[in-house]
Every structure is written in structure tokens, then in C-alpha cells.
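Peer 1: Here it is, the structure in full.
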Amino acid sequence: MTTRANQAGGFLFAIVLAVLLGAGSAWAWRAAGQGTGLSSDMDGISMRDQSSSRTRGGRVYVGGGLRGGK
Amino acid sequence: MKTIQCPSCGAGHTIHNPGISTIVCTYCRTTIYLEADVVRAGKKSVVAEPRSSLAVGKSGTVEGRPFTLVGRVQFEHATGRWDEWYALDSGGRTWWIVEDEKNYSVEQPTTDIHVPPDVALGTRLELDGSRFEVDEIGQARCTGGEGQLPRHFDVGETYDYFDASEIGSKNVLTIERSVTDPSDMEVYYGRAVRPEHVDFGDVQSTPAMDFTAGVAIQCVTCGAGFETRPQEEVVTAVCTHCGSQLQLTETGLKAISQNPRHWTFPFNVGDSGLLDGHRYEIVGRLVHDEGWSEYSREYLLWNKQQGYRWMEEYEGNYVLMRPTQIGPSKAVVDTAWPRSKVDIGGQTWTCFERGHSNLAFVDGALPWLAKIGDKNSYVDFIDPPRIYSVEVGDLELERFVGEHIDSKTVYAAFNKADKHVPPLVVGPATPPYLTPARKAAMWVGWLFVLVNLLATGATFSGGTTLLSESLGQGEVANGEWTSPVFKVPDGATVMGLKVETSLDNGWLAIDSELIEADTEDIVGASSAEVAYYHGYEGGESWSEGSRKKRKLFKAPPGGDYQIGLYMEGDQHPIVTVTVTTGNKLTRYPLLMLILSLIVPGWLFIRNQAHEQQRWGVDDDD
């Protein structure tokens, strides 16, 4: 390739990079706001299926219950 | 017009200009001086044939302006010759066109500039408001003249002379002073002209000195016969058999030195190639010993219109250089340091290196006197891919400006593409790694690094607070706590639960629940441990853990909710609970931040390595 063709290829790369990073950044910001991938459960383990039957009186501790310290 | 007769042969001559004081008889070559109304005969003037297309009687143009050449004086100095052509322009004004190794300047005598009596090479002069640098100094001998001239000259008379260039411009100053009569001083002021802007038609055939066809030479050292390449002037010719440097003088050949060893070059004398849009022929090759086992190879190239070019090679990197009159804004030869900046012709250049070199090898034919061991001081400036060089010898300061040529282009130009050897290192004038396209890509990358950095930072903002409550030590000790009811708005996406404690070398396990207020259903639950320890050991403070914790979770449908906490630990600290909405996840902008860094980071690192290698060449010296 000639130098000029290299330059054209380089600028094309810069344009493609701008488009990709622009699209990626927009997606990332939207995903961050919408909580994409975030569980409805506070611990990341869904309890929604059990929630109707689980009330404060009959709760089940997640992850083995209360854990000790050091 | 006035007519005179040659006092020697009687031939008639018409004087074109009232300022003419010397005529060389066209027929018998006698120098005729016009003194008042007296005509006096001087010595015979046998001047070498012109080396270029300029000739007395010819008309042509200089930078498009018409001139007629009416006279010529030739001088010889320590390392070569130069011609001064007396010319008339279309308005009848008189000029001198100075020709030296195919470098031209157009000058006129001046009495406005007062020159100090003693100057040295490299001296900076402030003359009548203009700054000059003395770039050549020496003694010259008048070898003869022809045509009609406005000044006296005596064949064989010696002159002190110096040339100076005006700083930051192409203006030049020439001073000639008779050795026998220092008061006989002529000052000329003018400007340098590039050879391609001097057009006087084709070169005239001058068999006796026709270097344009090459000349046959018999070496006075070994007796071998060889022929120089076509060019306009040869002062030094190197025997192709024994490597003797032969000086071509009026009286014959003189051996002045001999190559101590042979050097290999990728290109040979006689090779021709198309460079910079012009076909050049290699007429000479030189090797400079720069000390510390550093050598640079140099090719002298010749083109009839363009004159001489210097193609320099260092470790496979090539630059094509041409002479320039434009000098640095300040003295640099003994003062410039690597990386220091200097203004040259209104542009900023960076000093790359300065040093000394010895001529270690030369072959071919050169228009100057060159012998093994010739010493030079040099200082190079770069603005890649451009390079500017000042070289100082005993009597001459020369300036060159040039540009990097890709080595593939050089090999292809000389029809040796198949033997291409890529550069071993980044050269002084190798173009920057960051081409405009790469620079654009890098700045695009940095822009998105900034965008995603700001986005990542924004995710740490707390969102809108729905609940903020502090629990006293008693409530914590109780182990259970239920918050007041708070409202989660419709359409909420991400919520946050933050627990801050006043723990001090202790831990607290917290189970938290998100409870729908009306039904008391648990819609989310989480377990976390908050632990914070610190101390002072071995003279140093230390700490580990944190007094707070934050959890993000997907918001439930809009409505009334409560937070329930179950706590157990070895302390009962004050606990503050904050529930927020409108929080943002850090992971996505952070991921994009990392991705955005890849291209600009890569280009930045490569560019740094490129520049380090460029300057490393210098550091190794």
C-alpha cells in the first residue's frame, strides 16, 4: 500500500473507532442506569419466587444466615 | 554606445554600458582596462570554460526575470572555484550572478553596509540593522575573466573574501578585498536563488572542460585510467582502482590522499534514480567517522537542473538534503544542546546532536577539494521528517535542509528494490510514529477515555435519597430494626442500600430485607458483613476493612416499602441506613473506560518507544 492509502486506511480506522466507542459508551451508560444484569434480589440471588410465602416471621437467611466476624 | 580597439590585436569592441571599466578581448584574450579616455592592455586572460549553461552573451532568466550576461570573472579558492557573471536586466540595471557549485545568488554592489575589518567564520554581524552570519572566509585568486566588466581585475591577483548570510532570510553578503590594497574593497548584497530557478538554456558544448559528459583521467598514483560521471565541475576525482584522491588543477592532477580501506555501499557511483521528482545520478560517495565507532554514509547526487543533493544514510535511514542560505536565529555550532529549541527561518527546530567528523572514505568525483581526514563540526536539528544541518570546516560554514526518504523508496528509485535492507533503528529524521491518522485515532480514543471516566465517576453519585435513618447503639444491640415506610417511585430502575457504621476494631453482620409495606412480603434480602480494624505496629499505622457497605439492586415496582435489618456483631456501633434510587452501575462505564484505553494507550506506548529509540541513537554517542 502507498503512504496515501495507509493514511486513508488510518483515518477510516479512526472513524470506525469513534463510531464503535460512541455506540459502546452510549450502551454502557444506558445499561448502568437500567441496572442491566442486576438481580431483583439484593444479594443477587432471586427470592421473588419464594417471596409470597416468606414473611418476616418465616424468613430464611441467605448464604448460611448470620455470619461471624473475625 | 562607445567603441574601442584592442591595444594588443586591434579588434573592435562595442561597450554596452557606460559603467564598463574592463574588457577581455574576444579575439586575443587580452584584458583591456578603460581608464578615463585611456585604453590600457593587461595580462592575457584565459579563463576556464563555463561549467553550467551560463555563458557570456547568453540571455536567460533568474526567477523568471530576464537577464543578459555581458561579462564574467572567475576566482579560485582553497577548495574550488566560483564564477561571477556580470548581467544586465531588461531595464538596463546591472547585477552580478554568483555561481558556486551550482549554488546561485544575485547581487549588487552596495556602499550602505559597513563591514568591520576583521571577521571570522561563524561570526555574527549586526550590519546596519540586519543580522548576518559569516559562512565562508578565505583568500581567492582571480583566474581570469571574459566579456565586459564594471570593475578592474588582474589575473593572478589575490583577494580576501568572506560571504555572509542574513539571519532568517535568503539574503547574502559578499565582501572582496584586495590583499595588496585593503582599501580596495567591494561589498555586494543580494539574495540566494535555487538552481532550478536559473534558466539560460542548454549547456554549451565545451569539449576541453566538458564534465557534463564526464572526463577521462589517468591516476598519477597507479596509472590506471578511469572516467568521471557527467557533472558540471570536478575538483576532486577518486581513482576507481587505488582509491587515490586526485585534485584537478589548471596544471594537471595532484594526488592529495588515499582511501585507507574500502567501504561497502548499497548504491554505486553512476547509479541513477528518481528522487523527489527528479532523476539524480550518484557522482560521489563519502563516509564520515563521527567517533565512538559511529559512521554515516553520504552520496553526492547530481541533476543538471537541480544541481547537487546530498543523500545521507545512517543505519539504513535516508535523508535527502540540499544547501540553504537560511541560518538559525542564534549561533548554534558550539552552543546548541540536544533537545534545545532554535528558530530557523521562522520555524522551531529541536537540536538533535552536535559533534565532529572526519572524512574516512570518498570516491567518485566532487566539485570541492576532499581528502581523507578532512574535519568538520556539525550540528543537526530535527523537525521529523525534516532535518537541518550546519557543517563547519576550516573555511566554510554550510547549511543544509532535508527530509527523510523511506528506505524502500530509495532502493526502488535506484532499481534495487530486491536488495532492500530496512533501517536498523529509528533515525533522527524518521517520521513520527503518530501519523495524522494515528493521531486522530489516538485523540478519538482519549476523548472516549475522558467520556467514560466521567461516566464512571458519575456512577458513584448517590442517587435520590428515599430513606435515611440512624440507629442508636441500643437499637443495634437489640439486633432487629424495621425502618419507617418509604415510597419507591414508579419506573425506578436501580436502588441502593448503604449501611454506615461507627465500628472501631470490630465487626457487624447485617441481614437486610426489602419489605413490601402493605403485605409485609420480603421482596429482596441480602447478607453483608461490615468489619473495620486498625492499629499501629512497627512504627507504621495500618487499617483493613471498611466501616460502610453499599448494595445495588433492581428496584421493585413502585409502592410503599420498608427495610428490615438483623444485626449481630462484637460491637454495637451507631448505624446509618440510606436507601436511594436512580443509582447507576459502575461496571459498564468502567468496562468501556478500559476498552477505550486500549487504542490510545497502545499508540501512546508505541510512540514513546519510537521516540526513545530516535533519541537513544543520540544517547549512545
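Order determines the names: the first chain of the C-alpha cells is A, the second B, and so forth; residues in each chain are numbered 1 upward, and ligands are numbered 1 upward as they are shown.
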Could you find all residues in segment 305-513 of chain B that DSSP calls alpha helix (DSSP H) from the backbone, and write them as a VMD selection string?
Peer 2: chain B and resid 407 to 413 436 to 458 473 to 478
Peer 1: Based on the selection just made, write N, CA, C and O atoms of those residues as a compact mmCIF listing (two decimals), in the first residue's frame.
Peer 2:
# COMPACT_ATOMS: atom_id res chain seq x y z
N SER B 407 13.36 4.14 3.13
CA SER B 407 14.45 3.35 2.54
C SER B 407 13.95 2.51 1.36
O SER B 407 14.68 2.31 0.38
N LYS B 408 12.71 2.05 1.44
CA LYS B 408 12.16 1.28 0.31
C LYS B 408 12.12 2.15 -0.94
O LYS B 408 12.40 1.69 -2.05
N THR B 409 11.74 3.41 -0.76
CA THR B 409 11.68 4.35 -1.89
C THR B 409 13.06 4.53 -2.50
O THR B 409 13.21 4.58 -3.72
N VAL B 410 14.08 4.63 -1.63
CA VAL B 410 15.44 4.84 -2.12
C VAL B 410 15.89 3.62 -2.93
O VAL B 410 16.40 3.76 -4.05
N TYR B 411 15.69 2.42 -2.38
CA TYR B 411 16.11 1.21 -3.08
C TYR B 411 15.35 1.06 -4.41
O TYR B 411 15.92 0.67 -5.42
N ALA B 412 14.05 1.37 -4.36
CA ALA B 412 13.24 1.25 -5.58
C ALA B 412 13.71 2.27 -6.61
O ALA B 412 13.79 1.98 -7.81
N ALA B 413 14.05 3.50 -6.14
CA ALA B 413 14.48 4.56 -7.06
C ALA B 413 15.75 4.15 -7.80
O ALA B 413 15.91 4.46 -8.99
N PRO B 436 -0.78 11.50 11.04
CA PRO B 436 -2.04 12.22 11.29
C PRO B 436 -3.21 11.27 11.56
O PRO B 436 -4.04 11.54 12.43
N ALA B 437 -3.26 10.15 10.84
CA ALA B 437 -4.36 9.20 11.04
C ALA B 437 -4.27 8.55 12.42
O ALA B 437 -5.26 8.42 13.13
N ARG B 438 -3.04 8.15 12.80
CA ARG B 438 -2.87 7.54 14.11
C ARG B 438 -3.17 8.56 15.21
O ARG B 438 -3.72 8.24 16.25
N LYS B 439 -2.75 9.80 14.94
CA LYS B 439 -3.01 10.85 15.92
C LYS B 439 -4.52 11.03 16.08
O LYS B 439 -5.02 11.20 17.20
N ALA B 440 -5.23 10.99 14.95
CA ALA B 440 -6.68 11.13 15.00
C ALA B 440 -7.29 9.98 15.81
O ALA B 440 -8.15 10.19 16.68
N ALA B 441 -6.81 8.75 15.54
CA ALA B 441 -7.32 7.59 16.28
C ALA B 441 -7.00 7.72 17.77
O ALA B 441 -7.83 7.41 18.63
N MET B 442 -5.82 8.24 18.07
CA MET B 442 -5.44 8.37 19.47
C MET B 442 -6.33 9.39 20.17
O MET B 442 -6.81 9.16 21.28
N TRP B 443 -6.58 10.51 19.50
CA TRP B 443 -7.40 11.53 20.14
C TRP B 443 -8.85 11.09 20.27
O TRP B 443 -9.53 11.45 21.23
N VAL B 444 -9.31 10.31 19.29
CA VAL B 444 -10.66 9.72 19.42
C VAL B 444 -10.69 8.86 20.68
O VAL B 444 -11.61 8.93 21.50
N GLY B 445 -9.67 8.02 20.82
CA GLY B 445 -9.59 7.14 21.99
C GLY B 445 -9.55 7.92 23.29
O GLY B 445 -10.30 7.64 24.22
N TRP B 446 -8.67 8.95 23.33
CA TRP B 446 -8.57 9.75 24.58
C TRP B 446 -9.89 10.44 24.89
O TRP B 446 -10.28 10.58 26.06
N LEU B 447 -10.60 10.88 23.84
CA LEU B 447 -11.89 11.55 24.06
C LEU B 447 -12.86 10.61 24.77
O LEU B 447 -13.51 10.99 25.75
N PHE B 448 -12.90 9.35 24.30
CA PHE B 448 -13.83 8.41 24.92
C PHE B 448 -13.32 7.90 26.27
O PHE B 448 -14.12 7.50 27.11
N VAL B 449 -12.02 7.94 26.46
CA VAL B 449 -11.50 7.65 27.80
C VAL B 449 -12.04 8.70 28.77
O VAL B 449 -12.52 8.38 29.87
N LEU B 450 -12.00 9.95 28.35
CA LEU B 450 -12.50 11.03 29.21
C LEU B 450 -14.00 10.88 29.45
O LEU B 450 -14.48 11.00 30.59
N VAL B 451 -14.74 10.60 28.37
CA VAL B 451 -16.20 10.44 28.48
C VAL B 451 -16.53 9.32 29.47
O VAL B 451 -17.36 9.49 30.38
N ASN B 452 -15.86 8.19 29.31
CA ASN B 452 -16.18 7.05 30.17
C ASN B 452 -15.61 7.21 31.58
O ASN B 452 -16.14 6.63 32.53
N LEU B 453 -14.56 8.00 31.69
CA LEU B 453 -14.04 8.31 33.03
C LEU B 453 -15.07 9.15 33.78
O LEU B 453 -15.38 8.89 34.97
N LEU B 454 -15.62 10.14 33.10
CA LEU B 454 -16.66 10.97 33.73
C LEU B 454 -17.89 10.14 34.04
O LEU B 454 -18.50 10.28 35.11
N ALA B 455 -18.25 9.25 33.10
CA ALA B 455 -19.43 8.39 33.31
C ALA B 455 -19.20 7.47 34.50
O ALA B 455 -20.09 7.28 35.34
N THR B 456 -17.99 6.91 34.59
CA THR B 456 -17.67 6.02 35.71
C THR B 456 -17.73 6.80 37.02
O THR B 456 -18.30 6.32 38.01
N GLY B 457 -17.20 8.00 37.00
CA GLY B 457 -17.24 8.83 38.21
C GLY B 457 -18.68 9.16 38.61
O GLY B 457 -19.02 9.17 39.80
N ALA B 458 -19.50 9.39 37.57
CA ALA B 458 -20.89 9.76 37.85
C ALA B 458 -21.66 8.63 38.53
O ALA B 458 -22.64 8.87 39.24
N GLN B 473 -27.06 2.91 69.47
CA GLN B 473 -26.39 1.68 69.91
C GLN B 473 -27.38 0.70 70.53
O GLN B 473 -27.23 -0.52 70.40
N GLY B 474 -28.43 1.25 71.17
CA GLY B 474 -29.44 0.39 71.79
C GLY B 474 -30.22 -0.40 70.75
O GLY B 474 -30.46 -1.60 70.92
N GLU B 475 -30.54 0.26 69.67
CA GLU B 475 -31.30 -0.42 68.60
C GLU B 475 -30.44 -1.49 67.95
O GLU B 475 -30.92 -2.56 67.58
N VAL B 476 -29.17 -1.20 67.82
CA VAL B 476 -28.27 -2.18 67.21
C VAL B 476 -28.12 -3.38 68.15
O VAL B 476 -28.14 -4.55 67.74
N ALA B 477 -28.01 -3.06 69.45
CA ALA B 477 -27.86 -4.14 70.42
C ALA B 477 -29.12 -5.01 70.45
O ALA B 477 -29.05 -6.23 70.69
N ASN B 478 -30.23 -4.41 70.14
CA ASN B 478 -31.49 -5.15 70.09
C ASN B 478 -31.48 -6.22 69.01
O ASN B 478 -32.18 -7.22 69.06
Peer 1: May I have the residues within 9 Å of Ala140 of chain B as a PDB file with N, CA and C atoms, in the first residue's frame, using only C-alpha atoms and disregarding those fewer than 3 positions away in the same chain?
Peer 2:
ATOM      1  N   PHE B  75      37.110  33.093  -9.958  1.00  0.00           N
ATOM      2  CA  PHE B  75      38.033  33.070  -8.823  1.00  0.00           C
ATOM      3  C   PHE B  75      38.274  31.625  -8.399  1.00  0.00           C
ATOM      4  N   GLU B  76      39.432  31.426  -7.836  1.00  0.00           N
ATOM      5  CA  GLU B  76      39.790  30.098  -7.334  1.00  0.00           C
ATOM      6  C   GLU B  76      40.129  30.257  -5.853  1.00  0.00           C
ATOM      7  N   HIS B  77      39.576  29.389  -5.035  1.00  0.00           N
ATOM      8  CA  HIS B  77      39.908  29.448  -3.611  1.00  0.00           C
ATOM      9  C   HIS B  77      40.433  28.082  -3.181  1.00  0.00           C
ATOM     10  N   ALA B  78      40.597  27.906  -1.873  1.00  0.00           N
ATOM     11  CA  ALA B  78      41.325  26.721  -1.382  1.00  0.00           C
ATOM     12  C   ALA B  78      40.685  25.413  -1.805  1.00  0.00           C
ATOM     13  N   ARG B  81      36.321  26.600  -7.118  1.00  0.00           N
ATOM     14  CA  ARG B  81      36.250  27.823  -7.926  1.00  0.00           C
ATOM     15  C   ARG B  81      34.837  28.372  -7.883  1.00  0.00           C
ATOM     16  N   GLU B 157      45.745  38.099  -9.293  1.00  0.00           N
ATOM     17  CA  GLU B 157      45.675  38.898  -8.066  1.00  0.00           C
ATOM     18  C   GLU B 157      44.853  38.143  -7.013  1.00  0.00           C
ATOM     19  N   THR B 158      45.285  38.235  -5.766  1.00  0.00           N
ATOM     20  CA  THR B 158      44.556  37.536  -4.693  1.00  0.00           C
ATOM     21  C   THR B 158      43.681  38.522  -3.930  1.00  0.00           C
ATOM     22  N   TYR B 159      42.596  38.000  -3.429  1.00  0.00           N
ATOM     23  CA  TYR B 159      41.621  38.783  -2.674  1.00  0.00           C
ATOM     24  C   TYR B 159      41.294  38.051  -1.377  1.00  0.00           C
ATOM     25  N   ASP B 160      41.121  38.818  -0.307  1.00  0.00           N
ATOM     26  CA  ASP B 160      40.473  38.261   0.881  1.00  0.00           C
ATOM     27  C   ASP B 160      38.981  38.370   0.631  1.00  0.00           C
ATOM     28  N   TYR B 161      38.278  37.392   1.033  1.00  0.00           N
ATOM     29  CA  TYR B 161      36.831  37.484   0.833  1.00  0.00           C
ATOM     30  C   TYR B 161      36.117  36.827   2.007  1.00  0.00           C
ATOM     31  N   GLU B 176      34.747  41.375  -1.011  1.00  0.00           N
ATOM     32  CA  GLU B 176      36.031  41.046  -1.627  1.00  0.00           C
ATOM     33  C   GLU B 176      36.974  42.212  -1.382  1.00  0.00           C
TER      34      GLU B 176
END
Peer 1: Which value, in Å to one decimal, gives the distance between atom CA of Asp570 of chain B and atom CA of Val499 of chain B?
Peer 2: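 It comes out at 16.9 Å.
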Peer 1: Just want the 9 Å neighbourhood of Lys371 of chain B, counted on only C-alpha atoms, with same-chain residues fewer than 2 positions away dropped. Output as a compact mmCIF listing (two decimals) with C-alpha atoms, in the first residue's frame.
Peer 2:
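Here's the written file part_5.txt:
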# COMPACT_ATOMS: atom_id res chain seq x y z
CA THR B 236 38.45 16.07 -6.70
CA GLN B 245 42.04 11.39 -4.23
CA LEU B 246 43.27 13.44 -7.19
CA ILE B 256 46.25 14.52 -2.17
CA SER B 257 45.30 11.41 -0.15
CA GLN B 258 44.21 7.81 -0.48
CA ASN B 259 41.34 5.80 0.96
CA LEU B 359 36.28 12.09 6.26
CA ALA B 360 37.06 8.36 6.29
CA PHE B 361 36.34 7.47 2.67
CA VAL B 362 35.49 9.17 -0.58
CA LEU B 369 38.55 19.52 -2.62
CA GLY B 373 40.93 13.21 7.37
CA ASP B 374 39.09 16.44 6.47
Peer 1: Just need the residues of chain B within 7 Å of chain A, counting only C-alpha atoms, so spit them out as a ChimeraX atom specification.
Peer 2: /B:437-438,440-441,444,448,452,493-494,507,509,511,520-527,551-555,569,583-586,588-589,592,596
Peer 1: Could the residues in this selection be saved with C-alpha atoms as a short mmCIF file (atom, residue, chain, number, x, y, z; two decimals), in the first residue's frame?
Peer 2:
data_model
loop_
_atom_site.label_atom_id
_atom_site.label_comp_id
_atom_site.auth_asym_id
_atom_site.auth_seq_id
_atom_site.Cartn_x
_atom_site.Cartn_y
_atom_site.Cartn_z
CA ALA B 437 -4.36 9.20 11.04
CA ARG B 438 -2.87 7.54 14.11
CA ALA B 440 -6.68 11.13 15.00
CA ALA B 441 -7.32 7.59 16.28
CA VAL B 444 -10.66 9.72 19.42
CA PHE B 448 -13.83 8.41 24.92
CA ASN B 452 -16.18 7.05 30.17
CA THR B 493 -34.72 1.04 37.87
CA VAL B 494 -31.79 0.72 40.25
CA TRP B 507 -17.40 -6.41 63.02
CA ALA B 509 -23.03 -8.92 60.36
CA ASP B 511 -29.01 -9.24 57.15
CA GLU B 520 -45.14 -7.47 54.61
CA ASP B 521 -43.76 -9.70 51.86
CA ILE B 522 -39.99 -9.81 51.61
CA VAL B 523 -39.13 -8.88 48.04
CA GLY B 524 -35.39 -8.91 48.48
CA ALA B 525 -32.81 -9.91 51.02
CA SER B 526 -29.09 -9.56 51.49
CA SER B 527 -26.37 -10.51 53.92
CA LYS B 551 -25.51 -2.76 47.75
CA LEU B 552 -27.27 -2.03 44.49
CA PHE B 553 -30.31 -3.97 43.40
CA LYS B 554 -33.05 -3.82 40.83
CA ALA B 555 -35.92 -1.68 42.05
CA GLY B 569 -21.51 -8.45 65.97
CA ASN B 583 -28.26 4.79 41.16
CA LYS B 584 -26.09 3.65 38.27
CA LEU B 585 -23.93 0.57 37.94
CA THR B 586 -20.19 1.30 37.71
CA TYR B 588 -20.48 -0.83 32.37
CA PRO B 589 -18.83 2.60 32.08
CA MET B 592 -15.95 0.95 28.35
CA SER B 596 -11.43 2.98 25.30
#
Peer 1: Which residues come within 7 Å of segment 106-122 of chain B, counting only C-alpha atoms, excluding same-chain residues fewer than 6 positions away, as a ChimeraX atom specification?
Peer 2: /B:95-98,128,133-137,186-192,395-397
Peer 1: Only N, CA and C atoms, please: the residues just picked out, written as a JSON list (two decimals), in the first residue's frame.
Peer 2:
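Below is the file that was written, selection.json:
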[["chain", "number", "residue", "atom", "x", "y", "z"],
["B", 95, "TRP", "N", 23.75, 43.70, -12.58],
["B", 95, "TRP", "CA", 23.72, 42.74, -11.47],
["B", 95, "TRP", "C", 24.91, 41.80, -11.59],
["B", 96, "TRP", "N", 25.20, 41.16, -10.50],
["B", 96, "TRP", "CA", 26.16, 40.07, -10.52],
["B", 96, "TRP", "C", 25.42, 38.78, -10.17],
["B", 97, "ILE", "N", 25.59, 37.80, -11.02],
["B", 97, "ILE", "CA", 25.04, 36.47, -10.71],
["B", 97, "ILE", "C", 26.22, 35.60, -10.28],
["B", 98, "VAL", "N", 26.25, 35.23, -9.02],
["B", 98, "VAL", "CA", 27.37, 34.45, -8.48],
["B", 98, "VAL", "C", 27.02, 32.97, -8.55],
["B", 128, "ASP", "N", 24.05, 47.51, 9.89],
["B", 128, "ASP", "CA", 23.00, 48.46, 9.51],
["B", 128, "ASP", "C", 21.60, 47.89, 9.71],
["B", 133, "GLU", "N", 25.46, 36.08, 9.41],
["B", 133, "GLU", "CA", 26.41, 35.10, 9.92],
["B", 133, "GLU", "C", 27.43, 34.83, 8.82],
["B", 134, "VAL", "N", 28.69, 34.92, 9.18],
["B", 134, "VAL", "CA", 29.76, 34.70, 8.20],
["B", 134, "VAL", "C", 29.85, 33.20, 7.92],
["B", 135, "ASP", "N", 29.61, 32.81, 6.67],
["B", 135, "ASP", "CA", 29.60, 31.38, 6.39],
["B", 135, "ASP", "C", 30.72, 30.93, 5.46],
["B", 136, "GLU", "N", 31.53, 31.83, 4.99],
["B", 136, "GLU", "CA", 32.70, 31.41, 4.23],
["B", 136, "GLU", "C", 33.74, 32.52, 4.32],
["B", 137, "ILE", "N", 34.97, 32.11, 4.46],
["B", 137, "ILE", "CA", 36.02, 33.10, 4.60],
["B", 137, "ILE", "C", 37.28, 32.51, 3.98],
["B", 186, "GLU", "N", 35.13, 45.65, -2.12],
["B", 186, "GLU", "CA", 33.83, 45.68, -2.78],
["B", 186, "GLU", "C", 32.84, 44.90, -1.93],
["B", 187, "VAL", "N", 31.68, 45.49, -1.70],
["B", 187, "VAL", "CA", 30.64, 44.83, -0.91],
["B", 187, "VAL", "C", 29.44, 44.62, -1.81],
["B", 188, "TYR", "N", 28.96, 43.40, -1.83],
["B", 188, "TYR", "CA", 27.80, 43.06, -2.67],
["B", 188, "TYR", "C", 26.69, 42.51, -1.77],
["B", 189, "TYR", "N", 25.48, 42.88, -2.10],
["B", 189, "TYR", "CA", 24.33, 42.44, -1.30],
["B", 189, "TYR", "C", 23.27, 41.89, -2.26],
["B", 190, "GLY", "N", 22.70, 40.77, -1.91],
["B", 190, "GLY", "CA", 21.69, 40.20, -2.80],
["B", 190, "GLY", "C", 20.98, 39.05, -2.13],
["B", 191, "ARG", "N", 20.47, 38.15, -2.95],
["B", 191, "ARG", "CA", 19.74, 37.01, -2.38],
["B", 191, "ARG", "C", 20.07, 35.72, -3.11],
["B", 192, "ALA", "N", 19.99, 34.63, -2.35],
["B", 192, "ALA", "CA", 20.27, 33.31, -2.93],
["B", 192, "ALA", "C", 19.12, 32.88, -3.83],
["B", 395, "LEU", "N", 37.18, 26.70, 6.52],
["B", 395, "LEU", "CA", 36.94, 27.99, 5.86],
["B", 395, "LEU", "C", 35.48, 28.23, 5.51],
["B", 396, "GLU", "N", 34.66, 27.23, 5.73],
["B", 396, "GLU", "CA", 33.31, 27.36, 5.22],
["B", 396, "GLU", "C", 32.29, 26.82, 6.21],
["B", 397, "LEU", "N", 31.20, 27.53, 6.31],
["B", 397, "LEU", "CA", 30.07, 27.08, 7.12],
["B", 397, "LEU", "C", 28.93, 26.82, 6.13]]
Peer 1: Would you give me, as an NGL selection string, the residues in segment 291-428 of chain B that DSSP reads as strand (DSSP E)?
Peer 2: :B and (295-303 or 307-314 or 317-323 or 341-344 or 347-366 or 375-383 or 386-392 or 397-405)
Peer 1: Which residues, written as a ChimeraX atom specification, have at least one atom at most 10 Å from Val379 of chain B, with only C-alpha atoms counted and residues fewer than 4 positions away on the same chain left out?
Peer 2: /B:332-338,351-356,388-392,399
Peer 1: Figure out the distance between atom CA of Val287 of chain B and atom CA of Trp349 of chain B, please, to one decimal in Å.
Peer 2: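 Spanning atom CA of Trp349 of chain B to atom CA of Val287 of chain B is a straight-line distance of 26.0 Å.
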Peer 1: In Å to one decimal, how far is atom CA of Ser468 of chain B from atom CA of Pro556 of chain B?
Peer 2: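 Separating atom CA of Pro556 of chain B from atom CA of Ser468 of chain B is a distance of 18.6 Å.
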